[in-house]
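Here the structure comes first, spelled out in structure tokens, and everything after it is commentary.
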2 protein chains.
Amino acid sequence: MGRHNKRALLDRMLRLGTASRADLAKSLGLSQPTVGRIADALIEHGVFEEADEAAQNGSEHAKMGRPGRMLRLAQSKPRFLGLQLGLGETYLSPLPLCLPEENEWRVRFRTPATAKEWSQKLRKAAAQLPQKKFWGILVSVPGLVDERTGEILYSPNLRWTAGTAFSAAIREVWGDPVILLQEERILALGHHSANPGGEDFLLVDFGEGVGSAVLISGKLYAHPLPISGELGHTPVMGNQRRCGCGSVGCLETLASTRALLDSFAAAHPKSGKTWADFSELVAVRGIEPWLAKTLDAMGAGIAGALNVLGLRRVVITGTVTELPPAVFAYLTEVIVRGTLWARFGELKVEKAPRRRKAGLVAAGIDRLIVPDEASETAVISRI
Amino acid sequence: MGRHNKRALLDRMLRLGTASRADLAKSLGLSQPTVGRIADALIEHGVFEEADEAAQNGSEHAKMGRPGRMLRLAQSKPRFLGLQLGLGETYLSPLPLCLPEENEWRVRFRTPATAKEWSQKLRKAAAQLPQKKFWGILVSVPGLVDERTGEILYSPNLRWTAGTAFSAAIREVWGDPVILLQEERILALGHHSANPGGEDFLLVDFGEGVGSAVLISGKLYAHPLPISGELGHTPVMGNQRRCGCGSVGCLETLASTRALLDSFAAAHPKSGKTWADFSELVAVRGIEPWLAKTLDAMGAGIAGALNVLGLRRVVITGTVTELPPAVFAYLTEVIVRGTLWARFGELKVEKAPRRRKAGLVAAGIDRLIVPDEASETAVISRI
DNA sequence: CTTAGTTGCTTAACTTAATTAAGTAATCTT
DNA sequence: AAGATTACTTAATTAAGTTAAGCAACTAAG
């Protein structure tokens, strides 16, 4: 079976939620026999399942002829284990193949500071889960990850994870395949799964750092290096702050959560030091010059990426979206000013919640269900 | 015949120059019968031709067994007409399928200021060429081009070319297919053709403007919009110069040839005003603060693109490469400082000549010889 | 209730483009 | 001249799609 079509089928199913063989055939432009064969194989494999009668009546239009037997991604049983490695806490949740509910993780614990403690906590967490066997363990990792080798190159404040020890520790608890995925890439996939059919976009996430990922034609942009989307380490002219990466002036030293709070504290030594204090002050006083400068830098970085990549849609996630609307409005304006396309057409700047679980599932389907072909990694394009 | 393999074969031939069927099969990992069939079809079509005996002895290593019948891209007859639209002058040259000599254009004339004059000059130029019929007219265009529709969106100082009138004028002179291609994308293809086998890279060209293109796995990065690689319109913090695009502070207003000369003239009101004067002064005095700032901005923009795209190789072409070595060295240093990958591995910054003809030929082969499939335009990637 | 019309799914035969296997051709080595 | 080695060709096989045709299951209408 051509894995190309298999992949397309899975993709469409993730988008449609539930569909008959005929729907899939029509929507993919394939012949019914082909779709039938692939669908049968996927059911056999436990990826698709027959949906109940209720779904049949759900979204139909023409009620003539033989009704289709509706299929969907098998959601009766968790197939993946999702794992979100955070600087502060670690979250775990079994994930079925369908689009999962966000923000409800089954188990959580404080991320420890050594590999040994990590192993212990992980074992304890595993004991709390009823299911012991998964198709794969999908891990969202902040920082720099080589997704091909499963090696963490660099993660701020989580130095002990560097190298392959981290993957190995997980593999000792569950024997299943471990797949490390860079956080922002997961977010981009998740946003696409949750809002299918939209245009290609650049996702920019503001959090402990500033990262980005590009989604084109439903697929992540394939970078040649293990490092990509590192918008946060673009140098900002005139900025002299030292960055954890060893350089000076990185955008991240202005725009990360930590950096914003530092700037806030410097500007208002007598105020509170929390994010809530910061947010409140912005709501009252509006955008002060230091914040405007920071947003200018963010916007310039994003606009630069859009210009180079030829995109006209940005999705912003993370802490910046939690500030008063004026902040997002200002940022949007800066981006529009800096983007060439905005002089010819419309530029879309959106804010969105983080969709980690959805992203993990999409990644799991892509990586684990469709068998791997070494040569498929390339980015191909006609001129 | 799978156009995919046909494309691969052409690609390899462009790279190898001359090769036997067996060489191609081995190098592509295809079976000999497959390669044989495709090669026969390409010979039939006039794309490949049998090379003379001389070539056989050229690059051989193991001199045992039956010698292969060497093939190469048909170079006996021009197949394309290359056309370079410049702000000052327009160049024309018939192009065979092989890698052509650069810098020798058959016909040239001053680029006129109206569509009507353009038509007249083009007709005159056509009369000077012995060959009247081509597989296609390949046009390198500065500025913004929609390569799919053949429409020029915006070209500084060549306003009359906007819209489809330009393509139409060419089509009136030769009936053959007209293909417009954005200048920097052509340069990237050309550099790749002339230096095959290298790593993925970002090409940045400095000239009337500042443009870039990305080449990954031998293919140009496929942008969703007609605009991409527009590094020159990234806003530079603190820069207040007005740009022709309607925005303020674009990199181009500092880094284009014109802008550099303006800055030079402002810093040295009493010196000469030519590029040679500028170059000479830099050679004598080194990099003055205003130039350092400009190079900082260039480097930051380039580094940002590399970080986002996940690349570790930049090729610089254009006027900046003609300045004293210190300039390129300074720029290299700035790029390295701003690139995250440079903290983990090596970053390559190269300067190179412009390879327009080679790029046009590569583009022509890609666009005209391998039959078009609408759905092939996407950028695909595994996670 | 019967019959016709519509739509879904499956089976069978065919098409395309690759493969492997086996044979023939041309050259060098000994 | 015989054998080794490599290049190319031909024939059979495989993989993955297609179209065509038929049965299945439902609605609508006489």
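Residues in the structure tokens are numbered from 1 in each chain, the chains being A, B, ... in the order shown, and ligands are numbered from 1 in the order shown.
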Can you show chain B as a short mmCIF file (atom, residue, chain, number, x, y, z; two decimals) with C-alpha atoms, in the first residue's frame once it has been least-squares superposed onto chain A, using every C-alpha atom paired in order?
data_model
loop_
_atom_site.label_atom_id
_atom_site.label_comp_id
_atom_site.auth_asym_id
_atom_site.auth_seq_id
_atom_site.Cartn_x
_atom_site.Cartn_y
_atom_site.Cartn_z
CA MET B 1 -0.04 0.04 0.07
CA GLY B 2 1.48 3.34 -0.93
CA ARG B 3 2.37 4.92 2.40
CA HIS B 4 1.79 8.22 0.68
CA ASN B 5 -1.92 7.62 0.35
CA LYS B 6 -2.08 5.98 3.73
CA ARG B 7 -0.61 9.13 5.20
CA ALA B 8 -3.06 11.28 3.27
CA LEU B 9 -5.96 9.19 4.53
CA LEU B 10 -4.85 9.51 8.13
CA ASP B 11 -4.37 13.20 7.68
CA ARG B 12 -7.84 13.65 6.32
CA MET B 13 -9.39 11.57 9.03
CA LEU B 14 -7.66 13.62 11.70
CA ARG B 15 -9.20 16.66 10.06
CA LEU B 16 -12.70 15.34 9.41
CA GLY B 17 -13.07 13.47 12.66
CA THR B 18 -15.48 10.98 11.20
CA ALA B 19 -16.07 10.02 7.58
CA SER B 20 -17.16 7.17 5.38
CA ARG B 21 -14.93 5.48 2.83
CA ALA B 22 -16.78 7.35 0.12
CA ASP B 23 -16.23 10.71 1.84
CA LEU B 24 -12.54 10.03 2.08
CA ALA B 25 -12.29 8.96 -1.53
CA LYS B 26 -14.06 12.06 -2.71
CA SER B 27 -12.10 14.41 -0.49
CA LEU B 28 -8.74 12.92 -1.47
CA GLY B 29 -9.50 12.48 -5.15
CA LEU B 30 -8.71 8.77 -4.93
CA SER B 31 -10.81 5.95 -6.23
CA GLN B 32 -13.16 4.14 -3.92
CA PRO B 33 -11.46 0.75 -4.21
CA THR B 34 -8.14 2.26 -3.20
CA VAL B 35 -9.59 3.99 -0.19
CA GLY B 36 -11.53 0.88 0.72
CA ARG B 37 -8.42 -1.27 0.72
CA ILE B 38 -6.37 1.19 2.77
CA ALA B 39 -9.21 1.75 5.22
CA ASP B 40 -9.60 -1.99 5.71
CA ALA B 41 -5.92 -2.31 6.44
CA LEU B 42 -6.07 0.53 8.94
CA ILE B 43 -9.05 -1.02 10.70
CA GLU B 44 -7.20 -4.31 10.81
CA HIS B 45 -4.27 -2.48 12.35
CA GLY B 46 -6.43 -0.86 15.02
CA VAL B 47 -6.04 2.68 13.70
CA PHE B 48 -9.54 3.22 12.38
CA GLU B 49 -12.72 1.94 13.95
CA GLU B 50 -16.34 1.86 12.88
CA ALA B 51 -18.25 4.75 14.46
CA ASP B 52 -21.60 4.20 16.13
CA GLU B 53 -24.91 4.85 14.44
CA ALA B 54 -25.26 8.21 16.14
CA ALA B 55 -22.38 9.71 14.21
CA GLN B 56 -24.01 8.69 10.96
CA ASN B 57 -26.83 11.13 11.39
CA GLY B 58 -24.54 13.79 12.69
CA SER B 59 -23.22 15.82 9.80
CA GLU B 60 -25.04 14.47 6.79
CA HIS B 61 -26.48 16.65 4.07
CA ALA B 62 -27.98 14.65 1.21
CA LYS B 63 -30.15 11.98 2.83
CA MET B 64 -30.54 9.78 -0.17
CA GLY B 65 -29.06 6.48 -1.14
CA ARG B 66 -27.31 3.96 0.97
CA PRO B 67 -25.82 5.60 4.07
CA GLY B 68 -22.09 5.21 4.49
CA ARG B 69 -20.53 3.19 7.28
CA MET B 70 -18.78 5.90 9.19
CA LEU B 71 -15.20 5.46 10.27
CA ARG B 72 -13.06 7.42 12.69
CA LEU B 73 -9.71 7.20 14.40
CA ALA B 74 -9.84 4.49 17.04
CA GLN B 75 -10.55 6.33 20.25
CA SER B 76 -11.67 3.50 22.43
CA LYS B 77 -8.20 2.79 23.74
CA PRO B 78 -5.15 4.98 24.41
CA ARG B 79 -2.38 4.21 21.96
CA PHE B 80 0.23 6.80 22.86
CA LEU B 81 1.60 8.13 26.08
CA GLY B 82 2.03 11.88 25.92
CA LEU B 83 4.70 13.41 28.08
CA GLN B 84 5.26 17.12 28.48
CA LEU B 85 8.60 18.05 29.92
CA GLY B 86 8.33 21.46 31.52
CA LEU B 87 10.96 23.40 33.40
CA GLY B 88 8.81 23.35 36.50
CA GLU B 89 6.57 20.37 36.12
CA THR B 90 6.25 17.25 34.04
CA TYR B 91 2.89 16.01 32.79
CA LEU B 92 1.80 12.62 31.53
CA SER B 93 -1.33 11.44 29.84
CA PRO B 94 -2.40 8.44 27.82
CA LEU B 95 -3.65 9.63 24.44
CA PRO B 96 -6.15 8.01 22.12
CA LEU B 97 -5.79 8.63 18.40
CA CYS B 98 -8.56 11.21 18.21
CA LEU B 99 -8.30 14.90 19.01
CA PRO B 100 -7.95 14.92 22.81
CA GLU B 101 -9.18 17.37 25.39
CA GLU B 102 -6.42 19.78 26.30
CA ASN B 103 -5.36 20.79 29.79
CA GLU B 104 -6.21 17.63 31.61
CA TRP B 105 -3.09 15.66 32.22
CA ARG B 106 -3.43 12.40 34.08
CA VAL B 107 -0.28 12.55 36.18
CA ARG B 108 2.00 15.43 37.09
CA PHE B 109 5.10 15.84 39.18
CA ARG B 110 7.80 18.41 39.80
CA THR B 111 10.57 18.08 37.25
CA PRO B 112 13.57 16.99 39.30
CA ALA B 113 17.13 18.22 38.87
CA THR B 114 18.98 14.98 38.24
CA ALA B 115 18.64 12.02 35.93
CA LYS B 116 18.35 9.63 38.83
CA GLU B 117 15.42 11.40 40.50
CA TRP B 118 13.79 11.65 37.12
CA SER B 119 13.93 7.89 36.66
CA GLN B 120 12.40 7.29 40.06
CA LYS B 121 9.56 9.74 39.57
CA LEU B 122 8.86 8.35 36.15
CA ARG B 123 8.58 4.85 37.51
CA LYS B 124 6.15 6.03 40.14
CA ALA B 125 4.09 7.84 37.54
CA ALA B 126 4.04 4.73 35.37
CA ALA B 127 2.62 2.76 38.25
CA GLN B 128 -0.33 5.14 38.44
CA LEU B 129 -1.32 4.45 34.86
CA PRO B 130 -3.55 1.46 34.16
CA GLN B 131 -2.08 0.84 30.74
CA LYS B 132 1.50 -0.36 30.50
CA LYS B 133 1.99 -0.81 26.78
CA PHE B 134 1.81 1.91 24.13
CA TRP B 135 2.57 2.32 20.48
CA GLY B 136 4.99 5.02 21.49
CA ILE B 137 5.93 7.60 24.11
CA LEU B 138 5.62 11.08 22.67
CA VAL B 139 7.61 13.74 24.47
CA SER B 140 7.32 17.48 24.08
CA VAL B 141 10.68 19.03 24.93
CA PRO B 142 11.55 22.72 25.33
CA GLY B 143 14.86 23.79 23.88
CA LEU B 144 16.96 22.14 21.21
CA VAL B 145 16.21 18.58 20.23
CA ASP B 146 17.54 16.43 17.47
CA GLU B 147 14.30 14.72 16.60
CA ARG B 148 16.05 12.19 14.40
CA THR B 149 18.40 10.84 17.04
CA GLY B 150 16.23 11.59 20.05
CA GLU B 151 19.00 13.59 21.62
CA ILE B 152 18.49 16.78 23.59
CA LEU B 153 21.16 19.25 22.54
CA TYR B 154 20.43 21.99 25.00
CA SER B 155 17.69 22.79 27.41
CA PRO B 156 17.95 25.79 29.69
CA ASN B 157 17.79 24.85 33.37
CA LEU B 158 17.50 21.18 32.48
CA ARG B 159 21.14 20.52 31.77
CA TRP B 160 20.98 16.91 32.89
CA THR B 161 18.69 16.04 30.01
CA ALA B 162 21.37 16.74 27.41
CA GLY B 163 22.57 13.78 25.41
CA THR B 164 20.67 10.56 24.99
CA ALA B 165 20.34 9.75 28.68
CA PHE B 166 16.88 11.26 28.79
CA SER B 167 15.43 9.05 26.07
CA ALA B 168 17.16 6.07 27.60
CA ALA B 169 15.58 6.71 31.00
CA ILE B 170 12.13 6.69 29.45
CA ARG B 171 12.87 3.58 27.48
CA GLU B 172 13.78 1.81 30.69
CA VAL B 173 10.34 2.41 32.14
CA TRP B 174 8.31 1.57 29.06
CA GLY B 175 9.87 -0.56 26.37
CA ASP B 176 8.00 1.31 23.68
CA PRO B 177 9.53 3.62 21.08
CA VAL B 178 10.36 7.06 22.47
CA ILE B 179 9.93 10.07 20.24
CA LEU B 180 11.24 13.46 21.29
CA LEU B 181 9.67 16.46 19.64
CA GLN B 182 10.49 20.10 19.91
CA GLU B 183 7.82 22.00 21.78
CA GLU B 184 6.95 24.71 19.25
CA ARG B 185 6.74 22.18 16.45
CA ILE B 186 4.24 20.24 18.51
CA LEU B 187 2.25 23.41 19.07
CA ALA B 188 2.16 24.14 15.36
CA LEU B 189 0.93 20.64 14.60
CA GLY B 190 -1.62 20.90 17.36
CA HIS B 191 -2.96 24.20 16.14
CA HIS B 192 -3.28 22.77 12.69
CA SER B 193 -5.11 19.70 13.93
CA ALA B 194 -7.51 21.74 16.01
CA ASN B 195 -8.13 24.29 13.25
CA PRO B 196 -7.87 22.28 10.09
CA GLY B 197 -8.18 23.71 6.63
CA GLY B 198 -6.48 26.98 7.43
CA GLU B 199 -3.70 28.58 5.48
CA ASP B 200 0.00 27.90 5.96
CA PHE B 201 1.32 29.68 9.01
CA LEU B 202 4.20 30.56 11.25
CA LEU B 203 3.55 29.77 14.89
CA VAL B 204 5.40 31.81 17.48
CA ASP B 205 5.29 30.80 21.10
CA PHE B 206 6.31 33.05 23.95
CA GLY B 207 7.16 31.35 27.19
CA GLU B 208 10.41 30.47 28.92
CA GLY B 209 11.93 31.25 25.55
CA VAL B 210 10.77 32.38 22.15
CA GLY B 211 10.42 29.66 19.56
CA SER B 212 8.64 29.18 16.29
CA ALA B 213 7.69 26.55 13.75
CA VAL B 214 6.41 26.67 10.20
CA LEU B 215 3.52 24.65 8.92
CA ILE B 216 3.12 24.44 5.15
CA SER B 217 0.51 22.38 3.35
CA GLY B 218 -0.33 20.52 6.51
CA LYS B 219 3.26 19.51 7.16
CA LEU B 220 5.98 20.93 9.30
CA TYR B 221 8.77 22.65 7.45
CA ALA B 222 11.63 20.16 7.36
CA HIS B 223 14.79 21.81 8.53
CA PRO B 224 18.16 20.40 7.58
CA LEU B 225 19.59 20.97 11.06
CA PRO B 226 18.29 19.83 14.43
CA ILE B 227 17.90 23.53 15.13
CA SER B 228 15.15 25.53 13.49
CA GLY B 229 12.52 28.06 14.30
CA GLU B 230 14.87 29.70 16.74
CA LEU B 231 13.39 33.13 16.39
CA GLY B 232 14.34 33.81 19.98
CA HIS B 233 18.03 33.86 19.20
CA THR B 234 17.86 36.45 16.48
CA PRO B 235 20.03 39.36 17.53
CA VAL B 236 18.21 42.62 18.22
CA MET B 237 20.16 45.73 17.26
CA GLY B 238 21.07 47.79 20.30
CA ASN B 239 20.19 45.11 22.82
CA GLN B 240 23.11 44.28 25.11
CA ARG B 241 21.60 41.64 27.40
CA ARG B 242 23.49 38.39 27.65
CA CYS B 243 21.64 35.28 26.59
CA GLY B 244 21.92 31.78 27.99
CA CYS B 245 22.99 30.59 24.55
CA GLY B 246 26.29 32.42 24.91
CA SER B 247 25.49 35.28 22.61
CA VAL B 248 24.55 38.87 23.30
CA GLY B 249 21.36 40.66 22.34
CA CYS B 250 19.10 37.73 21.48
CA LEU B 251 15.39 38.55 21.19
CA GLU B 252 14.77 36.04 23.94
CA THR B 253 16.55 38.26 26.47
CA LEU B 254 13.77 40.80 25.93
CA ALA B 255 10.73 38.75 25.13
CA SER B 256 10.73 35.68 27.33
CA THR B 257 8.42 35.66 30.32
CA ARG B 258 11.38 36.05 32.65
CA ALA B 259 12.83 38.91 30.59
CA LEU B 260 9.54 40.77 30.44
CA LEU B 261 9.18 40.54 34.19
CA ASP B 262 12.73 41.74 34.65
CA SER B 263 12.10 44.72 32.42
CA PHE B 264 8.87 45.40 34.27
CA ALA B 265 10.61 45.25 37.62
CA ALA B 266 13.33 47.59 36.40
CA ALA B 267 10.76 50.12 35.19
CA HIS B 268 8.64 49.84 38.32
CA PRO B 269 10.88 48.96 41.26
CA LYS B 270 8.14 49.54 43.79
CA SER B 271 5.38 47.45 42.20
CA GLY B 272 4.74 43.76 42.67
CA LYS B 273 6.83 41.38 40.65
CA THR B 274 4.32 38.86 39.36
CA TRP B 275 2.86 38.38 35.91
CA ALA B 276 -0.53 39.46 37.27
CA ASP B 277 0.97 42.71 38.58
CA PHE B 278 2.53 43.30 35.22
CA SER B 279 -0.64 42.57 33.34
CA GLU B 280 -2.66 44.82 35.60
CA LEU B 281 -0.27 47.72 35.19
CA VAL B 282 -0.43 47.41 31.42
CA ALA B 283 -4.21 47.39 31.61
CA VAL B 284 -4.14 50.64 33.57
CA ARG B 285 -1.27 52.54 32.02
CA GLY B 286 -1.24 51.17 28.51
CA ILE B 287 1.92 50.33 26.65
CA GLU B 288 4.88 52.13 28.13
CA PRO B 289 7.96 52.95 26.05
CA TRP B 290 10.07 50.03 27.31
CA LEU B 291 7.30 47.60 26.45
CA ALA B 292 6.76 49.23 23.08
CA LYS B 293 10.42 48.73 22.28
CA THR B 294 10.23 45.10 23.23
CA LEU B 295 7.15 44.57 21.11
CA ASP B 296 8.90 46.37 18.25
CA ALA B 297 11.71 43.85 18.48
CA MET B 298 9.33 40.89 18.60
CA GLY B 299 7.38 42.23 15.66
CA ALA B 300 10.48 42.91 13.61
CA GLY B 301 11.72 39.39 14.18
CA ILE B 302 8.39 37.87 13.24
CA ALA B 303 8.01 40.11 10.20
CA GLY B 304 11.48 39.15 9.04
CA ALA B 305 10.61 35.48 9.24
CA LEU B 306 7.36 36.03 7.34
CA ASN B 307 9.15 37.96 4.61
CA VAL B 308 11.78 35.29 4.14
CA LEU B 309 9.37 32.38 4.30
CA GLY B 310 6.70 33.98 2.15
CA LEU B 311 3.89 33.52 4.66
CA ARG B 312 0.96 35.75 5.48
CA ARG B 313 -0.40 34.14 8.60
CA VAL B 314 1.05 34.11 12.12
CA VAL B 315 -0.31 32.31 15.11
CA ILE B 316 0.85 33.62 18.46
CA THR B 317 0.67 31.44 21.54
CA GLY B 318 1.92 31.72 25.06
CA THR B 319 2.22 34.30 27.75
CA VAL B 320 1.98 37.34 25.51
CA THR B 321 -1.56 36.35 24.58
CA GLU B 322 -2.56 36.57 28.23
CA LEU B 323 -1.81 40.29 28.51
CA PRO B 324 -4.44 43.00 27.92
CA PRO B 325 -5.71 43.22 24.32
CA ALA B 326 -3.77 46.42 23.65
CA VAL B 327 -0.53 44.46 23.72
CA PHE B 328 -1.61 42.04 21.05
CA ALA B 329 -3.01 44.89 19.00
CA TYR B 330 0.27 46.77 19.18
CA LEU B 331 2.24 43.69 18.23
CA THR B 332 -0.06 43.03 15.30
CA GLU B 333 0.46 46.53 14.04
CA VAL B 334 4.23 46.19 14.22
CA ILE B 335 4.14 42.92 12.33
CA VAL B 336 1.92 44.37 9.63
CA ARG B 337 4.20 47.37 9.25
CA GLY B 338 7.21 45.16 8.75
CA THR B 339 5.75 42.65 6.36
CA LEU B 340 6.06 43.18 2.65
CA TRP B 341 3.00 41.13 1.82
CA ALA B 342 0.86 43.52 3.85
CA ARG B 343 1.39 46.11 1.08
CA PHE B 344 -0.20 43.77 -1.45
CA GLY B 345 -2.80 41.84 0.47
CA GLU B 346 -4.03 40.88 3.87
CA LEU B 347 -1.88 39.64 6.71
CA LYS B 348 -3.44 37.48 9.40
CA VAL B 349 -2.19 37.67 12.96
CA GLU B 350 -4.04 35.38 15.36
CA LYS B 351 -3.64 34.40 18.96
CA ALA B 352 -4.39 30.87 20.02
CA PRO B 353 -4.16 28.56 23.00
CA ARG B 354 -1.44 25.94 23.15
CA ARG B 355 -2.58 22.57 21.82
CA ARG B 356 0.09 20.24 23.05
CA LYS B 357 -1.95 17.06 23.24
CA ALA B 358 -3.40 17.49 19.76
CA GLY B 359 0.09 18.13 18.45
CA LEU B 360 1.50 15.06 20.12
CA VAL B 361 -1.22 12.88 18.64
CA ALA B 362 -0.68 14.29 15.16
CA ALA B 363 3.04 13.73 15.50
CA GLY B 364 2.53 10.22 16.80
CA ILE B 365 0.32 9.30 13.90
CA ASP B 366 2.84 10.73 11.47
CA ARG B 367 5.84 9.09 13.01
CA LEU B 368 4.54 5.80 14.27
CA ILE B 369 1.64 4.66 12.18
CA VAL B 370 2.98 5.29 8.73
CA PRO B 371 6.06 3.13 8.35
CA ASP B 372 9.30 5.01 8.11
CA GLU B 373 11.15 5.62 4.89
CA ALA B 374 14.59 7.10 5.33
CA SER B 375 14.52 9.12 2.15
CA GLU B 376 11.27 10.87 2.96
CA THR B 377 12.79 13.51 5.19
CA ALA B 378 13.58 16.01 2.48
CA VAL B 379 11.74 19.19 1.65
CA ILE B 380 10.84 18.98 -1.97
CA SER B 381 9.51 21.71 -4.15
CA ARG B 382 8.97 22.55 -7.74
CA ILE B 383 10.33 25.86 -8.84
#
* To do: Write down as a ChimeraX atom specification the residues of segment 169-366 of chain B whose backbone DSSP state falls under helix (DSSP H, G or I).
  => /B:169-173,183-194,231-233,252-255,257-267,275-285,289-309,319-322,325-338,340-343,356-366
How about saving the chosen residues, C-alpha atoms kept, as a CSV table (one decimal), in the first residue's frame?
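Wrote it out as part-v7.csv, contents follow:
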chain,number,residue,atom,x,y,z
B,169,ALA,CA,5.0,41.4,-24.9
B,170,ILE,CA,7.5,38.6,-24.9
B,171,ARG,CA,5.0,36.1,-26.1
B,172,GLU,CA,4.2,38.4,-29.0
B,173,VAL,CA,7.8,38.2,-30.3
B,183,GLU,CA,16.2,36.9,-9.7
B,184,GLU,CA,17.6,35.6,-6.3
B,185,ARG,CA,15.9,32.3,-6.8
B,186,ILE,CA,17.6,32.0,-10.1
B,187,LEU,CA,20.9,32.8,-8.5
B,188,ALA,CA,20.4,30.1,-5.8
B,189,LEU,CA,19.6,27.5,-8.5
B,190,GLY,CA,22.6,28.6,-10.5
B,191,HIS,CA,25.0,28.4,-7.5
B,192,HIS,CA,23.7,25.0,-6.8
B,193,SER,CA,24.2,23.8,-10.4
B,194,ALA,CA,27.7,25.2,-10.6
B,231,LEU,CA,15.2,39.8,3.5
B,232,GLY,CA,15.6,43.3,2.3
B,233,HIS,CA,12.3,44.4,3.7
B,252,GLU,CA,17.3,47.6,2.0
B,253,THR,CA,17.5,51.3,2.7
B,254,LEU,CA,20.8,50.6,4.3
B,255,ALA,CA,22.3,47.8,2.4
B,257,THR,CA,24.2,49.5,-3.5
B,258,ARG,CA,22.4,52.9,-3.8
B,259,ALA,CA,22.0,53.1,0.0
B,260,LEU,CA,25.6,52.2,0.7
B,261,LEU,CA,26.8,54.9,-1.7
B,262,ASP,CA,24.4,57.4,-0.1
B,263,SER,CA,25.7,56.6,3.4
B,264,PHE,CA,29.3,56.8,2.1
B,265,ALA,CA,28.6,60.2,0.5
B,266,ALA,CA,27.0,61.5,3.7
B,267,ALA,CA,30.1,60.4,5.7
B,275,TRP,CA,31.6,52.5,-5.9
B,276,ALA,CA,35.3,52.5,-6.7
B,277,ASP,CA,35.9,55.5,-4.5
B,278,PHE,CA,33.9,53.8,-1.8
B,279,SER,CA,35.8,50.6,-2.1
B,280,GLU,CA,39.1,52.4,-2.1
B,281,LEU,CA,38.3,54.3,1.0
B,282,VAL,CA,37.4,51.2,2.9
B,283,ALA,CA,40.6,49.6,1.8
B,284,VAL,CA,42.6,52.5,3.2
B,285,ARG,CA,40.6,53.4,6.3
B,289,PRO,CA,31.4,53.1,12.4
B,290,TRP,CA,28.6,53.8,9.9
B,291,LEU,CA,29.6,50.9,7.8
B,292,ALA,CA,29.9,48.6,10.8
B,293,LYS,CA,26.4,49.5,11.8
B,294,THR,CA,25.1,48.7,8.3
B,295,LEU,CA,27.0,45.4,8.3
B,296,ASP,CA,25.6,44.6,11.8
B,297,ALA,CA,22.1,45.1,10.4
B,298,MET,CA,22.8,42.9,7.4
B,299,GLY,CA,24.3,40.2,9.6
B,300,ALA,CA,21.5,40.3,12.1
B,301,GLY,CA,18.9,39.9,9.3
B,302,ILE,CA,20.8,37.0,7.8
B,303,ALA,CA,21.4,35.3,11.1
B,304,GLY,CA,17.7,35.6,11.9
B,305,ALA,CA,16.8,33.8,8.7
B,306,LEU,CA,19.4,31.1,9.4
B,307,ASN,CA,18.0,30.6,12.9
B,308,VAL,CA,14.4,30.3,11.7
B,309,LEU,CA,15.2,28.1,8.7
B,319,THR,CA,28.2,44.1,-4.7
B,320,VAL,CA,29.2,43.5,-1.2
B,321,THR,CA,31.5,40.7,-2.3
B,322,GLU,CA,33.4,43.2,-4.4
B,325,PRO,CA,38.1,41.4,2.2
B,326,ALA,CA,37.8,43.1,5.6
B,327,VAL,CA,34.1,43.8,4.8
B,328,PHE,CA,33.3,40.3,4.1
B,329,ALA,CA,35.2,39.2,7.2
B,330,TYR,CA,33.3,41.6,9.4
B,331,LEU,CA,30.0,40.5,8.0
B,332,THR,CA,30.9,36.8,8.5
B,333,GLU,CA,31.8,37.5,12.1
B,334,VAL,CA,28.4,39.3,12.7
B,335,ILE,CA,26.5,36.4,11.2
B,336,VAL,CA,28.4,33.8,13.3
B,337,ARG,CA,27.7,35.8,16.4
B,338,GLY,CA,24.0,35.9,15.7
B,340,LEU,CA,22.5,29.7,17.3
B,341,TRP,CA,24.0,26.8,15.4
B,342,ALA,CA,27.4,28.4,15.6
B,343,ARG,CA,27.5,27.6,19.3
B,356,ARG,CA,22.3,33.6,-13.7
B,357,LYS,CA,22.7,31.5,-16.9
B,358,ALA,CA,23.2,28.3,-15.0
B,359,GLY,CA,20.2,29.1,-12.8
B,360,LEU,CA,18.0,29.8,-15.8
B,361,VAL,CA,19.0,26.5,-17.4
B,362,ALA,CA,18.2,24.6,-14.2
B,363,ALA,CA,14.9,26.4,-13.9
B,364,GLY,CA,14.1,25.7,-17.5
B,365,ILE,CA,14.8,22.0,-17.2
B,366,ASP,CA,12.7,21.9,-14.0
Using only C-alpha atoms (C1' of nucleotides), find each residue in chain D having at least one atom no more than 12 Å away from chain A; report its shortest atom-to-atom pair and that distance in Å (one decimal), rows by chain then rising number, as a tab-separated table.
residue	atom	partner	partner_atom	distance
D:DA15	C1'	A:Met1	CA	7.7
D:DA16	C1'	A:Met1	CA	6.4
D:DG17	C1'	A:Thr34	CA	7.3
D:DT18	C1'	A:Ser31	CA	7.5
D:DT19	C1'	A:Ser31	CA	9.1
D:DA20	C1'	A:Pro33	CA	11.8
D:DC23	C1'	A:Arg66	CA	12.0
D:DA24	C1'	A:Arg66	CA	7.7
D:DA25	C1'	A:Arg66	CA	4.6
D:DC26	C1'	A:Arg66	CA	4.4
D:DT27	C1'	A:Met64	CA	5.3
D:DA28	C1'	A:Met64	CA	9.0
